[in-house]
Amino acid sequence: MDKIIVHGGKKLTGEVTVSGSKNAALPILIASLLTAEPCRYQRVPNLADIHTTLKLLGGLGVKIDKQGWARGTSELTLQAEAVSKLEASYDLVKTMRASFLVLGPLTARFGQARVSTPGGCAIGARPVNLHLKGLEAMGARIEHSHGYIEATAVRLHGAKIYLDLPSVGATENLMMAATLAEGTTFIENAAKEPEIEDLASALNKMGGRVRGAGTDIVQIDGVDSLHGFSHEIIPDRIEAGSFVIASAITGGDVWIKGARAEHLDAFLIKLQEAGVVLSCDPGGIRVQRNGKIKSVDVTTLPYPGFATDLQAQMMVLMSVADGVSVITETIFENRFMHALELDRMGAQIQLEGNRAVVRGARELSGAPVMATDLRASISLILAGLVASGSTEVSRVYHLDRGYEYIEEKLSSLGAQIERVRA
Ligand code: EPZ
């Protein structure tokens with residue numbers, strides 16, 4: 001397994017470009033199942049999770065032209081003209097739970113699907129009850145068999161669905177399913193993340209009729225069929241936020257090209273409270289620091305609240321802030337594993353259930369640490385950037401799921417970082 005070694009103490013300066021959003025690309029690639037026509041994609045990031053999704057879709061019979069894309073020279077094209085299989089295997093779904101998003105599109109277009117339940121992962125139980133409740137409301141027959149969900153429907157029909165939680169995945173699965181249902185579907189208490197709006201934008205380019213994406217109530221008027229489309233994926237707000245922390249924590253001056261401040265409101269407001277100097281314009285975000293970082297309290301919430309995917313990164317910044325910060329995680333039940341590794345680097349973090357009390361330390365010291373999940377892995381690298389000495393991060397396959405060319409990007413900003421291939 002590869003390791004990444006970071007030698008701390010370098011201020012990051014210069015310009016870095018944000019890649020396409022992993023969490024927007026995954027559902028929009030899966031939406032290609034809804035039509036037999038070619039779907040063309042720009043700015044899909046070259047990530048492990050994307051390769052997993054392409055493997056999953058290829059296994060279902062989707063034709064994929066990824067030559068130019070992998071080399072970064074052209075767009076990615078998918079065409080689900082002859083879907084030969086309606087099953088997503090446990091091996092793939094357990095690797096990446098977003099694979100579960102094929103359930104809605106397969107049921108909607110082909111009237112049946114057999115998809116493994118994702119099971120849990122490092123950060124929590126990750127149930128899918130809201131996905132299933134919505135599909136049943138639209139007339140699907142759902143059976144649980146040997147760890148798989150089997151869904152059947154002659155044709156889905158419109159329904160009024162209330163989500164007990166504004167689940168991103170459930171909103172995406174049900175939006176896609178509803179585009180081909182007979183009649184109108186309302187998804188109430190829908191997730192409002194920018195990735196939901198990007199999916200709706202792609203579905204409408206396909207001839208879908210989705211309104212209200214980004215608000216609490218999404219209305220989908222079903223149509224008989226959808227056609228191909230061309231779509232540029234939005235920038236990755238979580239990668240952008242991670243680079244904001246990288247500049248702030250090293251006391252640098254970085255221009256994050258392509259970052260959209262409007263996708264990071266709550267996060268950026270918290271950073272300004274912490275004393276980070278931000279200059280935002282339509283082209284990106286400039287991040288500088290003016291004196292000490294001040295401790296601030298953070299509570300993760302569904303969008304537009306503070307993103308849970310930026311909690312670990314914020315914890316690192318608070319680990320070297322001047323004061324005490326209380327970080328409360330309300331989305332996932334086990335998303336503090338990075339704290340245990342940061343403690344080994346001299347951070348002073350006390351865990352109390354879903355709260356972490358972070359006492360700013362004078363400095364962090366480099367150490368061998370282990371990545372446990374995607375966002376924990378980037379937080380350990382961020383800590384290494386500011387720690388004295390060297391930090392060796394193991395199990396970086398977690399990192400490769402969601403950060404495109406991360407060593408190259410950080411090196412270009414002046415970080416002393418290298419990957420040791422195992
Ligand atoms: C998406 O996961 C993201 N993944 C996650 O990013 C992100 O952390 C999460 O949304 C929250 O913003 C992708 O988009 C691929 P949820 P998802 O359904 O859809 C509970 C990353 O690091 N829930 O909004 O799985 C669930 O247990 C990843 O890029 C149910 O109870 O998140 C959780 O507590 C990590 N029943 C909460 O809702 C359900 O049927 C939020 O989950 C579904 C979810």
# chains A, B, ... in the order shown; residues from 1 in each chain; ligands from 1

call {"tool": "select_by_dssp", "arguments": {"residues": "stretch 23-245 of chain A", "states": "strand (DSSP E or B)", "output": "PyMOL selection string"}}
result
chain A and resi 39-42+63-65+76-79+87-88+112-116+121+124+141-145+148-152+157+160-162+182+184-188+210-211+217-221+229-232+235

call {"tool": "residues_around", "arguments": {"residues": "A:Phe110", "least_positions_apart": "6", "cutoff": "9 Å", "atoms": "only C-alpha atoms", "output": "PDB file with C-alpha atoms, in the first residue's frame"}}
result
ATOM      1  CA  LEU A  86     -29.545  -5.342 -13.927  1.00  0.00           C
ATOM      2  CA  THR A 152     -39.569  -4.520  -9.504  1.00  0.00           C
ATOM      3  CA  ALA A 153     -42.169  -2.228 -11.068  1.00  0.00           C
ATOM      4  CA  VAL A 154     -44.232  -2.408 -14.251  1.00  0.00           C
ATOM      5  CA  ARG A 155     -43.842   1.371 -14.341  1.00  0.00           C
TER       6      ARG A 155
END

call {"tool": "closest_residue", "arguments": {"among": "A:Leu165, A:Ile406, A:Ala80, A:Ile245", "to": "A:Asp65", "atoms": "only C-alpha atoms"}}
result
A:Ala80

call {"tool": "residues_around", "arguments": {"residues": "A:Ser377", "least_positions_apart": "5", "cutoff": "12 Å", "atoms": "only C-alpha atoms", "output": "VMD selection string"}}
result
chain A and resid 3 to 4 242 309 to 310 312 to 313 316 336 to 339 341 to 342 369 to 372 382 to 384 392 to 403 406

call {"tool": "residues_around", "arguments": {"residues": "stretch 168-170 of chain A", "least_positions_apart": "5", "cutoff": "10 Å", "atoms": "only C-alpha atoms", "output": "PyMOL selection string"}}
result
chain A and resi 23+27+97-98+100-101+104+128-135+163+175-176+187+190-193+195-196+302-303

call {"tool": "select_by_dssp", "arguments": {"residues": "stretch 166-343 of chain A", "states": "alpha helix (DSSP H)", "output": "PyMOL selection string"}}
result
chain A and resi 168-178+194-205+237-250+265-273+311-319+337-343

call {"tool": "atom_distance", "arguments": {"atom1": "atom CA of A:Glu407", "atom2": "atom CA of A:Gly252"}}
result
17.1 Å

call {"tool": "atom_distance", "arguments": {"atom1": "atom CA of A:Leu268", "atom2": "atom CA of A:Leu380"}}
result
20.8 Å

call {"tool": "residues_around", "arguments": {"residues": "A:Arg355", "least_positions_apart": "5", "cutoff": "8 Å", "atoms": "only C-alpha atoms", "output": "NGL selection string"}}
result
:A and (326-329)

call {"tool": "write_last_selection", "arguments": {"atoms": "C-alpha atoms", "output": "JSON list (two decimals), in the first residue's frame"}}
result
[["chain", "number", "residue", "atom", "x", "y", "z"],
["A", 326, "VAL", "CA", -15.95, 22.56, 20.11],
["A", 327, "ILE", "CA", -16.69, 20.60, 16.93],
["A", 328, "THR", "CA", -20.06, 18.82, 16.83],
["A", 329, "GLU", "CA", -20.71, 16.17, 14.16]]

call {"tool": "residues_around", "arguments": {"residues": "stretch 52-64 of chain A", "least_positions_apart": "4", "cutoff": "7 Å", "atoms": "only C-alpha atoms", "output": "CSV table (one decimal) with all heavy atoms, in the first residue's frame"}}
result
chain,number,residue,atom,x,y,z
A,26,LEU,N,-20.5,11.3,-9.6
A,26,LEU,CA,-21.0,9.9,-9.4
A,26,LEU,C,-22.5,9.7,-9.8
A,26,LEU,O,-22.8,8.9,-10.7
A,26,LEU,CB,-20.8,9.5,-8.0
A,26,LEU,CG,-19.3,9.4,-7.5
A,26,LEU,CD1,-19.2,8.9,-6.1
A,26,LEU,CD2,-18.5,8.5,-8.4
A,48,ALA,N,-10.2,7.2,-8.0
A,48,ALA,CA,-10.5,5.8,-7.8
A,48,ALA,C,-12.0,5.6,-7.8
A,48,ALA,O,-12.5,4.6,-8.4
A,48,ALA,CB,-9.9,5.3,-6.5
A,77,THR,N,-17.3,9.5,-22.6
A,77,THR,CA,-18.7,9.3,-23.2
A,77,THR,C,-19.2,7.9,-22.7
A,77,THR,O,-18.5,6.9,-22.7
A,77,THR,CB,-18.5,9.2,-24.7
A,77,THR,OG1,-18.0,10.5,-25.2
A,77,THR,CG2,-19.9,9.1,-25.4
A,78,LEU,N,-20.5,7.9,-22.3
A,78,LEU,CA,-21.1,6.7,-21.8
A,78,LEU,C,-22.4,6.5,-22.6
A,78,LEU,O,-23.1,7.5,-23.0
A,78,LEU,CB,-21.5,6.8,-20.3
A,78,LEU,CG,-20.5,6.4,-19.3
A,78,LEU,CD1,-19.3,7.3,-19.3
A,78,LEU,CD2,-21.1,6.5,-17.9
A,79,GLN,N,-22.7,5.2,-23.0
A,79,GLN,CA,-24.0,5.0,-23.7
A,79,GLN,C,-24.6,3.7,-23.2
A,79,GLN,O,-24.0,2.6,-23.4
A,79,GLN,CB,-23.7,4.9,-25.2
A,79,GLN,CG,-25.0,4.8,-26.0
A,79,GLN,CD,-24.9,5.1,-27.4
A,79,GLN,OE1,-23.8,5.3,-27.9
A,79,GLN,NE2,-26.0,5.1,-28.2
A,80,ALA,N,-25.7,3.8,-22.6
A,80,ALA,CA,-26.4,2.6,-22.0
A,80,ALA,C,-27.4,2.1,-23.0
A,80,ALA,O,-28.6,2.0,-22.8
A,80,ALA,CB,-27.1,3.0,-20.7
A,81,GLU,N,-26.9,1.7,-24.2
A,81,GLU,CA,-27.8,1.3,-25.3
A,81,GLU,C,-28.2,-0.1,-25.1
A,81,GLU,O,-29.4,-0.5,-25.4
A,81,GLU,CB,-27.0,1.5,-26.7
A,81,GLU,CG,-27.9,1.2,-27.9
A,81,GLU,CD,-27.1,1.5,-29.2
A,81,GLU,OE1,-25.9,1.4,-29.1
A,81,GLU,OE2,-27.7,1.7,-30.2
A,82,ALA,N,-27.3,-0.9,-24.6
A,82,ALA,CA,-27.7,-2.4,-24.5
A,82,ALA,C,-27.3,-2.8,-23.1
A,82,ALA,O,-26.3,-3.6,-22.9
A,82,ALA,CB,-26.9,-3.2,-25.5
A,83,VAL,N,-28.1,-2.4,-22.1
A,83,VAL,CA,-27.8,-2.9,-20.8
A,83,VAL,C,-28.1,-4.4,-20.7
A,83,VAL,O,-29.2,-4.8,-20.9
A,83,VAL,CB,-28.6,-2.0,-19.8
A,83,VAL,CG1,-28.5,-2.6,-18.4
A,83,VAL,CG2,-28.2,-0.6,-19.8
A,84,SER,N,-27.1,-5.1,-20.3
A,84,SER,CA,-27.2,-6.6,-20.4
A,84,SER,C,-27.5,-7.2,-19.0
A,84,SER,O,-27.8,-8.3,-18.8
A,84,SER,CB,-26.0,-7.2,-21.0
A,84,SER,OG,-24.8,-6.7,-20.2
A,85,LYS,N,-27.2,-6.4,-18.0
A,85,LYS,CA,-27.3,-6.9,-16.6
A,85,LYS,C,-28.0,-5.8,-15.7
A,85,LYS,O,-27.8,-4.6,-15.9
A,85,LYS,CB,-25.9,-7.2,-16.1
A,85,LYS,CG,-25.8,-8.0,-14.9
A,85,LYS,CD,-24.3,-8.3,-14.6
A,85,LYS,CE,-24.1,-8.9,-13.2
A,85,LYS,NZ,-22.7,-8.7,-12.7
A,86,LEU,N,-28.8,-6.3,-14.8
A,86,LEU,CA,-29.5,-5.3,-13.9
A,86,LEU,C,-29.2,-5.5,-12.5
A,86,LEU,O,-30.0,-5.4,-11.6
A,86,LEU,CB,-31.1,-5.5,-14.1
A,86,LEU,CG,-31.5,-5.4,-15.6
A,86,LEU,CD1,-33.0,-5.7,-15.7
A,86,LEU,CD2,-31.3,-3.9,-16.1
A,88,ALA,N,-26.1,-5.0,-9.3
A,88,ALA,CA,-24.8,-4.4,-8.8
A,88,ALA,C,-24.3,-5.2,-7.7
A,88,ALA,O,-25.0,-5.4,-6.7
A,88,ALA,CB,-25.1,-2.9,-8.3
A,92,LEU,N,-18.7,-4.6,-5.5
A,92,LEU,CA,-18.6,-3.2,-6.0
A,92,LEU,C,-19.2,-2.3,-5.0
A,92,LEU,O,-18.7,-1.2,-4.6
A,92,LEU,CB,-19.2,-3.0,-7.4
A,92,LEU,CG,-18.2,-3.4,-8.5
A,92,LEU,CD1,-18.9,-3.4,-9.8
A,92,LEU,CD2,-17.1,-2.4,-8.6
A,99,SER,N,-22.6,3.3,-5.3
A,99,SER,CA,-23.1,2.3,-6.3
A,99,SER,C,-24.6,2.1,-6.2
A,99,SER,O,-25.2,1.7,-7.1
A,99,SER,CB,-22.3,1.0,-6.2
A,99,SER,OG,-20.9,1.2,-6.2

call {"tool": "residues_around", "arguments": {"residues": "A:Glu262", "least_positions_apart": "3", "cutoff": "12 Å", "atoms": "only C-alpha atoms", "output": "short mmCIF file (atom, residue, chain, number, x, y, z; two decimals) with all heavy atoms, in the first residue's frame"}}
result
data_model
loop_
_atom_site.label_atom_id
_atom_site.label_comp_id
_atom_site.auth_asym_id
_atom_site.auth_seq_id
_atom_site.Cartn_x
_atom_site.Cartn_y
_atom_site.Cartn_z
N GLU A 193 -27.82 20.18 -1.45
CA GLU A 193 -26.41 20.35 -1.82
C GLU A 193 -26.25 20.79 -3.28
O GLU A 193 -27.08 20.42 -4.13
CB GLU A 193 -25.64 19.04 -1.58
CG GLU A 193 -25.15 18.80 -0.16
CD GLU A 193 -26.26 18.48 0.85
OE1 GLU A 193 -27.43 18.45 0.46
OE2 GLU A 193 -25.95 18.26 2.02
N PRO A 194 -25.18 21.49 -3.63
CA PRO A 194 -24.92 21.88 -5.03
C PRO A 194 -24.87 20.68 -5.96
O PRO A 194 -25.23 20.77 -7.13
CB PRO A 194 -23.54 22.56 -4.94
CG PRO A 194 -23.46 23.08 -3.54
CD PRO A 194 -24.19 22.07 -2.70
N PRO A 235 -17.29 22.30 -10.06
CA PRO A 235 -16.04 22.12 -9.31
C PRO A 235 -16.30 21.45 -7.96
O PRO A 235 -17.40 21.56 -7.42
CB PRO A 235 -15.54 23.56 -9.10
CG PRO A 235 -16.31 24.41 -10.03
CD PRO A 235 -17.61 23.71 -10.27
N ARG A 237 -16.35 21.28 -4.32
CA ARG A 237 -16.31 22.24 -3.21
C ARG A 237 -15.54 21.71 -2.01
O ARG A 237 -14.98 22.48 -1.22
CB ARG A 237 -17.73 22.65 -2.79
CG ARG A 237 -18.58 21.49 -2.28
CD ARG A 237 -20.05 21.91 -2.15
NE ARG A 237 -20.88 20.73 -1.87
CZ ARG A 237 -21.31 20.39 -0.66
NH1 ARG A 237 -21.05 21.15 0.38
NH2 ARG A 237 -22.01 19.29 -0.48
N ALA A 240 -11.90 22.11 -2.84
CA ALA A 240 -11.61 23.55 -2.70
C ALA A 240 -11.46 23.93 -1.23
O ALA A 240 -10.49 24.59 -0.84
CB ALA A 240 -12.73 24.37 -3.34
N GLY A 241 -12.38 23.45 -0.39
CA GLY A 241 -12.31 23.75 1.04
C GLY A 241 -11.05 23.19 1.67
O GLY A 241 -10.46 23.79 2.58
N GLY A 258 -11.26 28.38 -9.75
CA GLY A 258 -12.45 27.55 -10.02
C GLY A 258 -13.30 27.32 -8.80
O GLY A 258 -14.43 26.84 -8.91
N ALA A 259 -12.79 27.64 -7.62
CA ALA A 259 -13.59 27.44 -6.39
C ALA A 259 -14.78 28.38 -6.41
O ALA A 259 -14.65 29.55 -6.76
CB ALA A 259 -12.74 27.71 -5.16
N ASP A 265 -20.48 28.67 1.67
CA ASP A 265 -20.82 29.82 2.53
C ASP A 265 -20.51 29.61 4.02
O ASP A 265 -19.71 30.33 4.61
CB ASP A 265 -22.34 30.09 2.40
CG ASP A 265 -22.58 31.30 1.51
OD1 ASP A 265 -21.57 31.95 1.16
OD2 ASP A 265 -23.74 31.59 1.20
N ALA A 266 -21.15 28.60 4.61
CA ALA A 266 -21.01 28.42 6.07
C ALA A 266 -19.55 28.20 6.43
O ALA A 266 -19.03 28.75 7.41
CB ALA A 266 -21.86 27.23 6.52
N PHE A 267 -18.86 27.41 5.62
CA PHE A 267 -17.44 27.08 5.87
C PHE A 267 -16.60 28.34 5.83
O PHE A 267 -15.80 28.61 6.73
CB PHE A 267 -17.00 26.07 4.81
CG PHE A 267 -15.52 25.79 4.75
CD1 PHE A 267 -14.91 25.03 5.73
CD2 PHE A 267 -14.75 26.31 3.71
CE1 PHE A 267 -13.55 24.75 5.67
CE2 PHE A 267 -13.39 26.04 3.64
CZ PHE A 267 -12.79 25.26 4.62
N LEU A 268 -16.81 29.18 4.81
CA LEU A 268 -15.98 30.39 4.65
C LEU A 268 -16.26 31.41 5.75
O LEU A 268 -15.35 32.07 6.25
CB LEU A 268 -16.20 31.00 3.26
CG LEU A 268 -15.76 30.13 2.08
CD1 LEU A 268 -16.08 30.82 0.75
CD2 LEU A 268 -14.27 29.78 2.16
N ILE A 269 -17.51 31.47 6.18
CA ILE A 269 -17.85 32.40 7.28
C ILE A 269 -17.11 31.99 8.55
O ILE A 269 -16.53 32.81 9.26
CB ILE A 269 -19.38 32.44 7.49
CG1 ILE A 269 -20.06 33.19 6.33
CG2 ILE A 269 -19.73 33.10 8.84
CD1 ILE A 269 -21.57 33.04 6.28
N CYS A 280 -12.93 36.61 -2.46
CA CYS A 280 -13.72 35.73 -3.34
C CYS A 280 -14.19 36.51 -4.56
O CYS A 280 -14.65 37.63 -4.44
CB CYS A 280 -14.94 35.20 -2.59
SG CYS A 280 -14.50 34.34 -1.07
N ASP A 281 -14.04 35.88 -5.75
CA ASP A 281 -14.65 36.45 -6.95
C ASP A 281 -15.11 35.30 -7.83
O ASP A 281 -14.84 34.12 -7.50
CB ASP A 281 -13.70 37.43 -7.65
CG ASP A 281 -12.54 36.74 -8.34
OD1 ASP A 281 -12.70 35.58 -8.79
OD2 ASP A 281 -11.46 37.31 -8.41
N PRO A 282 -15.83 35.58 -8.93
CA PRO A 282 -16.41 34.46 -9.72
C PRO A 282 -15.37 33.46 -10.20
O PRO A 282 -15.69 32.31 -10.47
CB PRO A 282 -17.06 35.20 -10.89
CG PRO A 282 -17.36 36.56 -10.39
CD PRO A 282 -16.25 36.89 -9.43
N GLY A 283 -14.09 33.88 -10.24
CA GLY A 283 -13.08 32.95 -10.76
C GLY A 283 -12.45 32.05 -9.73
O GLY A 283 -11.80 31.07 -10.05
N GLY A 284 -12.66 32.42 -8.43
CA GLY A 284 -12.02 31.57 -7.42
C GLY A 284 -11.91 32.28 -6.08
O GLY A 284 -12.55 33.32 -5.85
N ILE A 285 -11.10 31.72 -5.21
CA ILE A 285 -10.96 32.23 -3.84
C ILE A 285 -9.47 32.39 -3.53
O ILE A 285 -8.69 31.45 -3.75
CB ILE A 285 -11.58 31.26 -2.81
CG1 ILE A 285 -13.06 31.01 -3.09
CG2 ILE A 285 -11.39 31.79 -1.38
CD1 ILE A 285 -13.70 29.93 -2.21
N TYR A 303 -26.55 20.76 3.98
CA TYR A 303 -26.40 22.01 3.23
C TYR A 303 -27.66 22.86 3.37
O TYR A 303 -28.78 22.32 3.37
CB TYR A 303 -26.17 21.68 1.75
CG TYR A 303 -25.69 22.85 0.93
CD1 TYR A 303 -24.34 23.12 0.82
CD2 TYR A 303 -26.59 23.71 0.31
CE1 TYR A 303 -23.88 24.22 0.07
CE2 TYR A 303 -26.15 24.79 -0.43
CZ TYR A 303 -24.80 25.05 -0.54
OH TYR A 303 -24.35 26.12 -1.27
N PRO A 304 -27.50 24.18 3.57
CA PRO A 304 -26.30 25.00 3.47
C PRO A 304 -25.50 25.14 4.75
O PRO A 304 -24.69 26.06 4.87
CB PRO A 304 -26.88 26.36 3.06
CG PRO A 304 -28.20 26.42 3.77
CD PRO A 304 -28.72 25.02 3.78
#

call {"tool": "closest_residue", "arguments": {"among": "A:Arg335, A:His263, A:Arg43, A:Arg289", "to": "ligand 1", "atoms": "only C-alpha atoms and all ligand atoms"}}
result
A:Arg335

call {"tool": "closest_residue", "arguments": {"among": "A:Ile161, A:Ala177, A:Leu76, A:Leu226", "to": "A:Ala113", "atoms": "only C-alpha atoms"}}
result
A:Ala177

call {"tool": "closest_residue", "arguments": {"among": "A:Arg114, A:Arg126, A:Arg362, A:Arg40", "to": "ligand 1", "atoms": "only C-alpha atoms and all ligand atoms"}}
result
A:Arg126

call {"tool": "closest_residue", "arguments": {"among": "A:Glu37, A:Glu418, A:Asp49, A:Glu333", "to": "A:His227", "atoms": "only C-alpha atoms"}}
result
A:Glu37
